[in-house]
Amino acid sequence: VGLAIESSGPVVVEDAMSHPRYKYFPETGEERYHTFLAVPVAEGRQKPIGVLVVQTLRRRKVSKEEIRLLRTAASQVAQILSHYQLRETLATKEKERDEYRRRMIEANRQLKGYEKVGGATRVASPLKIRRPRLVGLAAAPGFARGVAHVVGTFLSSIDRNLRARDAKAETRRLEEALTRSLGELAALKIRMEPLMPPAELKIFDGHRQILEDEEFVGRIRQAIDSGYAAESSLFRVIDELSAQMLAVADGYLRERATDFRDVGHRVLRHLRQEDKKSAFAKATILVAEELTLSQMTLVSHENLVGIALQSGGVTSHAAILARAFEIPTVVGVEHLMEAVLEGDALVLDGNSGIVYVNPSAEVEREYQILMKRYDAFRKELLVGLDQPTVTRDGHRVLMLANIALPADVELALRYGAEGIGLLRSEFSFLTYEDFPDENQQLTLYNRILDAAGDRPVTIRTLDIGADKYPPYLRVPREDNPFLGWRSIRISLELASIFKVQLRAILRAAARHDVKIMFPMISSIEELRRARELLAEAQAELFKEGLDHNPNIEVGIMVEVPSAVWLAPRLIEEVDFFSIGTNDLIQYLLAADRNNPRVAHLYESLHPAVLGAIAEVVGVARGAGKQVCICGEMASDPLATLLLLGMGLDQLSLSPLFIPVVRKIIRESNFETARRIANDILQMGSVQEIKGYLIERYRDLGLIHMLEMYR
């Protein structure tokens with residue numbers, strides 16, 4: 001941009017990042033753009049007062065006609081600007097935008113449009129605030145083009161006081177909707193049986209029981225008999241039951257409130273005969289506030305090509321599961337539910353975290369090209385998956401995978417994982433009606449271990465709490481659950497249940513390469529108590545004559561600040577460390593990882609985070625112990641050289657990112673990575689660190705590795 005001012009003429013660069021005058025600023029997000037065209041904004045031969053810039057997502061030639069067109073536009077802009085003295089400040093313009101948004105929201109509330117549905121009249125859908133480009137968080141990589149299918153919002157659009165004259169007709173409509181809902185549930189269960197563990201399939205039985213519950217259906221019939229329309233009657237009953245359940249300090253009942261709303265949406269869709277709108281008849285992008293477990297069944301649909309969620313973060317469970325299904329996903333998209341209507345055309349960029357609503361033809365064309373390039377790039381990355389990951393100067397790195405469910409093992413091996421560095425055991429627990437017993441857990445672990453073969457598997461003990469409580473665990477409501485009763489704290493308090501899991505893991509380790517890992521250790525006392533219970537479980541199994549591994553390796557997750565500072569003492573009592581960056585970042589930076597309002601503060605390349613990681617790695621290396629990193633940071637290609645240079649020779653990451661991270665390592669030198677890491681650890685800001693990394697990736701000819709995934 002400065003060069004355009006200096007030369008007073010157009011600047012055209014086919015690949016901006018390769019230009020010596022390129023300067024990287026993280027807040028602009030410009031690293032995903034390539035071709036750069038800039039012309040000065042000036043009247044005649046006067047001094048430029050600005051620069052008009054066009055950037056493209058792919059490299060391309062710029063024609064003389066395009067330069068001439070932009071210069072004409074710049075001239076017109078200069079004339080307009082000359083007629084104003086720019087008295088309005090940016091703050092004033094922001095106030096005007098805020099006032100516009102406020103008026104639009106108020107218009108939504110006051111809108112009184114009506115339309116006929118069945119034999120009743122209901123309030124029309126609220127006016128949408130249209131935004132052509134929405135920004136969220138990239139949760140699962142890839143690109144998608146399709147029509148929007150909006151789920152989970154119908155109940156909120158119903159007038160609870162909607163009246164109907166013919167109660168019999170409304171009751172008939174209700175019965176037909178209930179019948180169709182039951183049939184749909186039965187078909188979904190059959191379709192999902194090959195894809196879900198048996199315990200997870202019980203959710204369909206639970207929803208069926210709600211639909212068949214006489215008290216629930218009876219309440220809706222009573223509301224209809226009182227003169228309300230079927231839709232309004234359904235909403236009133238669901239709203240009343242949900243409010244009652246959410247008001248009690250019982251985790252199980254709060255979970256059931258979600259199930260009732262889920263069932264309500266399904267019935268309402270059939271009341272409105274939404275199934276006749278042929279959702280998923282073509283390439284479809286699922287749009288929702290959040291993704292409930294029953295809505296995850298839609299993920300298996302062959303025409304589902306992308307997911308966009310208004311809530312959640314990149315480490316949320318919906319995001320983790322979406323990556324497991326290899327579906328491009330963007331989460332934390334502010335204003336998503338306001339901006340997108342059923343049937344809108346969408347382009348979803350799971351690499352950059354952007355959703356385009358009814359995009360222009362030019363955006364469509366750009367993404368068609370990007371999708372082809374991305375597919376070709378991924379095929380290139382899959383070459384040599386069965387070969388070890390070694391740098392050019394001979395440094396070996398073990399590539400492991402993070403998994404949650406048995407089905408994830410196949411995906412991990414398909415992308416070349418050399419083992420499982422993190423088995424999140426709690427995900428399977430969430431699907432049971434009660435804590436699974438020892439034999440149930442043993443069967444589950446053996447199923448995963450058999451699929452992994454002779455590869456090493458590290459099983460993390462239960463990390464429940466905060467945002468993932470099983471429905472059968474009665475937990476009082478907490479003001480700050482992430483700092484409350486969770487993870488190892490629950491396990492140590494529920495010692496008998498914890499020992500059941502320890503026994504199952506020890507037995508599974510009798511004939512497999514298994515390590516055990518305790519999460520969220522914050523003190524020596526916690527670690528020693530966990531090891532005492534492990535020793536008790538070993539003694540019991542020995543006494544009972546059951547096969548187990550008495551010498552199983554034991555490690556801890558380093559994911560809270562106290563564990564970082566206690567690392568020199570903790571390493572003396574364990575066999576290995578695994579750095580969990582997801583929690584470590586949010587605790588170090590006091591930034592909720594699932595809150596889009598502070599998403600910009602949740603930064604893995606923050607100097608404090610890097611300093612903590614370097615400290616832990618140094619302690620483990622000094623003690624001659626293994627150290628791995630298993631948080632989502634390991635899946636970030638921009639962090640690969642840095643982590644390599646810090647001395648991490650084990651990376652456990654999302655299976656989808658194993659190929660690109662492996663490629664970067666294979667095309668790098670370990671000594672170069674060490675110099676990069678040493679330089680970065682002296683820096684004091686995220687902007688400086690990111691800019692430096694971008695420059696080094698360019699110098700090393702690796703910049704194209706970032707383009708497809710950032």
# chains A, B, ... in the order shown; residues from 1 in each chain; ligands from 1
>>> residues_around(residues="range 411-422 of chain A", least_positions_apart="5", cutoff="6 Å", atoms="only C-alpha atoms", output="number ranges by chain")
A: 385, 399-402, 455-458, 652, 655
>>> select_by_dssp(residues="range 607-651 of chain A", states="strand (DSSP E or B)", output="ChimeraX atom specification")
/A:626-629,650-651
>>> write_last_selection(atoms="all heavy atoms", output="tab-separated table (two decimals), in the first residue's frame")
chain	number	residue	atom	x	y	z
A	626	GLN	N	9.53	-38.64	28.44
A	626	GLN	CA	8.83	-38.28	27.21
A	626	GLN	C	7.89	-37.11	27.46
A	626	GLN	O	7.33	-36.96	28.55
A	626	GLN	CB	8.02	-39.47	26.69
A	626	GLN	CG	8.86	-40.64	26.22
A	626	GLN	CD	8.00	-41.78	25.71
A	626	GLN	OE1	6.80	-41.85	26.00
A	626	GLN	NE2	8.60	-42.68	24.95
A	627	VAL	N	7.70	-36.29	26.43
A	627	VAL	CA	6.74	-35.19	26.50
A	627	VAL	C	6.07	-35.07	25.14
A	627	VAL	O	6.72	-35.12	24.10
A	627	VAL	CB	7.41	-33.86	26.91
A	627	VAL	CG1	8.53	-33.49	25.95
A	627	VAL	CG2	6.38	-32.74	27.00
A	628	CYS	N	4.74	-34.95	25.17
A	628	CYS	CA	3.93	-34.86	23.95
A	628	CYS	C	3.02	-33.64	24.08
A	628	CYS	O	2.83	-33.11	25.19
A	628	CYS	CB	3.10	-36.14	23.80
A	628	CYS	SG	1.99	-36.17	22.36
A	629	ILE	N	2.51	-33.17	22.99
A	629	ILE	CA	1.49	-32.12	23.02
A	629	ILE	C	0.25	-32.67	22.35
A	629	ILE	O	0.32	-33.23	21.25
A	629	ILE	CB	1.98	-30.83	22.34
A	629	ILE	CG1	1.00	-29.68	22.60
A	629	ILE	CG2	2.24	-31.01	20.86
A	629	ILE	CD1	1.57	-28.31	22.29
A	650	GLN	N	6.93	-35.76	19.80
A	650	GLN	CA	5.67	-36.49	19.73
A	650	GLN	C	4.55	-35.46	19.62
A	650	GLN	O	4.42	-34.59	20.47
A	650	GLN	CB	5.44	-37.35	20.97
A	650	GLN	CG	6.35	-38.54	21.11
A	650	GLN	CD	5.95	-39.44	22.26
A	650	GLN	OE1	4.79	-39.50	22.65
A	650	GLN	NE2	6.91	-40.16	22.81
A	651	LEU	N	3.75	-35.56	18.58
A	651	LEU	CA	2.61	-34.67	18.39
A	651	LEU	C	1.36	-35.52	18.29
A	651	LEU	O	1.31	-36.47	17.51
A	651	LEU	CB	2.77	-33.84	17.12
A	651	LEU	CG	4.01	-32.94	17.02
A	651	LEU	CD1	4.02	-32.23	15.66
A	651	LEU	CD2	4.04	-31.92	18.15
>>> closest_atom_pairs(of="range 302-393 of chain A", to="range 130-145 of chain A", cutoff="8 Å", atoms="only C-alpha atoms", output="Markdown table")
| residue | atom | partner | partner_atom | distance |
| --- | --- | --- | --- | --- |
| A:Val305 | CA | A:Ala144 | CA | 5.8 |
| A:Gly306 | CA | A:Ala144 | CA | 5.6 |
| A:Gly313 | CA | A:Leu137 | CA | 6.9 |
| A:Val314 | CA | A:Ala139 | CA | 4.6 |
| A:Thr315 | CA | A:Ala139 | CA | 7.7 |
| A:Ala319 | CA | A:Ala139 | CA | 5.6 |
| A:Ile320 | CA | A:Ala139 | CA | 7.9 |
| A:Ala322 | CA | A:Ala140 | CA | 6.6 |
| A:Arg323 | CA | A:Ala140 | CA | 5.1 |
| A:Glu326 | CA | A:Ala140 | CA | 7.2 |
| A:Ile327 | CA | A:Ala140 | CA | 6.6 |
| A:Pro328 | CA | A:Gly142 | CA | 4.8 |
| A:Thr329 | CA | A:Ala140 | CA | 4.7 |
| A:Val330 | CA | A:Ala138 | CA | 4.9 |
| A:Val331 | CA | A:Leu137 | CA | 5.2 |
| A:Gly332 | CA | A:Gly136 | CA | 5.0 |
| A:Val333 | CA | A:Gly136 | CA | 4.1 |
| A:Glu334 | CA | A:Gly136 | CA | 6.7 |
| A:His335 | CA | A:Leu134 | CA | 7.7 |
| A:Leu336 | CA | A:Leu134 | CA | 7.1 |
| A:Glu338 | CA | A:Arg130 | CA | 7.4 |
| A:Ala339 | CA | A:Arg130 | CA | 4.8 |
| A:Val340 | CA | A:Arg130 | CA | 7.4 |
| A:Ala345 | CA | A:Arg145 | CA | 7.7 |
| A:Leu346 | CA | A:Arg145 | CA | 5.8 |
| A:Val347 | CA | A:Arg145 | CA | 4.6 |
| A:Leu348 | CA | A:Ala144 | CA | 5.0 |
| A:Asp349 | CA | A:Phe143 | CA | 4.8 |
| A:Gly350 | CA | A:Pro141 | CA | 4.5 |
| A:Asn351 | CA | A:Pro141 | CA | 4.8 |
| A:Ser352 | CA | A:Ala138 | CA | 5.6 |
| A:Gly353 | CA | A:Ala138 | CA | 3.9 |
| A:Ile354 | CA | A:Val135 | CA | 4.7 |
| A:Val355 | CA | A:Leu134 | CA | 5.1 |
| A:Tyr356 | CA | A:Arg133 | CA | 4.6 |
| A:Val357 | CA | A:Pro132 | CA | 4.8 |
| A:Asn358 | CA | A:Pro132 | CA | 6.7 |
| A:Pro359 | CA | A:Pro132 | CA | 6.8 |
| A:Tyr367 | CA | A:Phe143 | CA | 7.7 |
| A:Met371 | CA | A:Phe143 | CA | 6.1 |
| A:Tyr374 | CA | A:Gly142 | CA | 7.5 |
>>> residues_around(residues="Met646 in chain A", least_positions_apart="5", cutoff="10 Å", atoms="only C-alpha atoms", output="ChimeraX atom specification")
/A:610,613-615,617-618,640-641,670,673-678,681
>>> write_last_selection(atoms="N, CA, C and O atoms", output="PDB file, in the first residue's frame")
ATOM      1  N   LEU A 610       3.552 -19.891  25.038  1.00  0.00           N
ATOM      2  CA  LEU A 610       4.774 -20.493  24.506  1.00  0.00           C
ATOM      3  C   LEU A 610       5.829 -20.654  25.595  1.00  0.00           C
ATOM      4  O   LEU A 610       6.561 -21.654  25.624  1.00  0.00           O
ATOM      5  N   ILE A 613       4.876 -23.733  27.637  1.00  0.00           N
ATOM      6  CA  ILE A 613       5.176 -24.978  26.911  1.00  0.00           C
ATOM      7  C   ILE A 613       6.676 -25.253  26.937  1.00  0.00           C
ATOM      8  O   ILE A 613       7.111 -26.386  27.189  1.00  0.00           O
ATOM      9  N   ALA A 614       7.476 -24.220  26.672  1.00  0.00           N
ATOM     10  CA  ALA A 614       8.932 -24.391  26.669  1.00  0.00           C
ATOM     11  C   ALA A 614       9.430 -24.850  28.035  1.00  0.00           C
ATOM     12  O   ALA A 614      10.332 -25.694  28.127  1.00  0.00           O
ATOM     13  N   GLU A 615       8.843 -24.310  29.090  1.00  0.00           N
ATOM     14  CA  GLU A 615       9.234 -24.700  30.446  1.00  0.00           C
ATOM     15  C   GLU A 615       8.958 -26.176  30.691  1.00  0.00           C
ATOM     16  O   GLU A 615       9.811 -26.914  31.200  1.00  0.00           O
ATOM     17  N   VAL A 617       8.486 -28.619  28.454  1.00  0.00           N
ATOM     18  CA  VAL A 617       9.333 -29.455  27.589  1.00  0.00           C
ATOM     19  C   VAL A 617      10.741 -29.547  28.165  1.00  0.00           C
ATOM     20  O   VAL A 617      11.344 -30.624  28.219  1.00  0.00           O
ATOM     21  N   GLY A 618      11.287 -28.430  28.605  1.00  0.00           N
ATOM     22  CA  GLY A 618      12.625 -28.420  29.166  1.00  0.00           C
ATOM     23  C   GLY A 618      12.750 -29.283  30.410  1.00  0.00           C
ATOM     24  O   GLY A 618      13.740 -30.012  30.579  1.00  0.00           O
ATOM     25  N   THR A 640       3.665 -25.656  13.705  1.00  0.00           N
ATOM     26  CA  THR A 640       4.442 -26.897  13.568  1.00  0.00           C
ATOM     27  C   THR A 640       5.938 -26.689  13.747  1.00  0.00           C
ATOM     28  O   THR A 640       6.591 -27.376  14.538  1.00  0.00           O
ATOM     29  N   LEU A 641       6.518 -25.756  13.010  1.00  0.00           N
ATOM     30  CA  LEU A 641       7.959 -25.520  13.110  1.00  0.00           C
ATOM     31  C   LEU A 641       8.351 -25.088  14.514  1.00  0.00           C
ATOM     32  O   LEU A 641       9.412 -25.478  15.025  1.00  0.00           O
ATOM     33  N   PHE A 670      15.581 -29.777  11.446  1.00  0.00           N
ATOM     34  CA  PHE A 670      15.380 -29.627  12.885  1.00  0.00           C
ATOM     35  C   PHE A 670      16.195 -28.449  13.431  1.00  0.00           C
ATOM     36  O   PHE A 670      15.703 -27.675  14.252  1.00  0.00           O
ATOM     37  N   ALA A 673      14.456 -25.266  12.713  1.00  0.00           N
ATOM     38  CA  ALA A 673      13.303 -25.121  13.599  1.00  0.00           C
ATOM     39  C   ALA A 673      13.741 -24.688  14.996  1.00  0.00           C
ATOM     40  O   ALA A 673      13.062 -23.883  15.651  1.00  0.00           O
ATOM     41  N   ARG A 674      14.881 -25.198  15.469  1.00  0.00           N
ATOM     42  CA  ARG A 674      15.383 -24.804  16.789  1.00  0.00           C
ATOM     43  C   ARG A 674      15.730 -23.319  16.815  1.00  0.00           C
ATOM     44  O   ARG A 674      15.425 -22.616  17.793  1.00  0.00           O
ATOM     45  N   ARG A 675      16.355 -22.836  15.760  1.00  0.00           N
ATOM     46  CA  ARG A 675      16.684 -21.409  15.708  1.00  0.00           C
ATOM     47  C   ARG A 675      15.421 -20.558  15.683  1.00  0.00           C
ATOM     48  O   ARG A 675      15.350 -19.503  16.337  1.00  0.00           O
ATOM     49  N   ILE A 676      14.413 -21.014  14.937  1.00  0.00           N
ATOM     50  CA  ILE A 676      13.136 -20.291  14.888  1.00  0.00           C
ATOM     51  C   ILE A 676      12.508 -20.231  16.280  1.00  0.00           C
ATOM     52  O   ILE A 676      12.039 -19.176  16.733  1.00  0.00           O
ATOM     53  N   ALA A 677      12.477 -21.363  16.975  1.00  0.00           N
ATOM     54  CA  ALA A 677      11.887 -21.407  18.318  1.00  0.00           C
ATOM     55  C   ALA A 677      12.645 -20.501  19.280  1.00  0.00           C
ATOM     56  O   ALA A 677      12.031 -19.769  20.081  1.00  0.00           O
ATOM     57  N   ASN A 678      13.978 -20.517  19.214  1.00  0.00           N
ATOM     58  CA  ASN A 678      14.779 -19.662  20.101  1.00  0.00           C
ATOM     59  C   ASN A 678      14.492 -18.185  19.855  1.00  0.00           C
ATOM     60  O   ASN A 678      14.388 -17.391  20.801  1.00  0.00           O
ATOM     61  N   LEU A 681      10.888 -17.274  21.256  1.00  0.00           N
ATOM     62  CA  LEU A 681      10.779 -17.229  22.722  1.00  0.00           C
ATOM     63  C   LEU A 681      11.333 -15.936  23.311  1.00  0.00           C
ATOM     64  O   LEU A 681      11.143 -15.671  24.501  1.00  0.00           O
TER      65      LEU A 681
END
>>> closest_residue(among="A:Ile49, A:Arg447, A:Ile5, A:Lys61", to="Thr35 in chain A", atoms="only C-alpha atoms")
A:Lys61
>>> atom_distance(atom1="CA of Arg528 in chain A", atom2="CA of Ile497 in chain A")
17.7 Å
>>> closest_residue(among="A:Ser63, A:His704, A:Ala283, A:Gln244", to="Asp15 in chain A", atoms="only C-alpha atoms")
A:His704
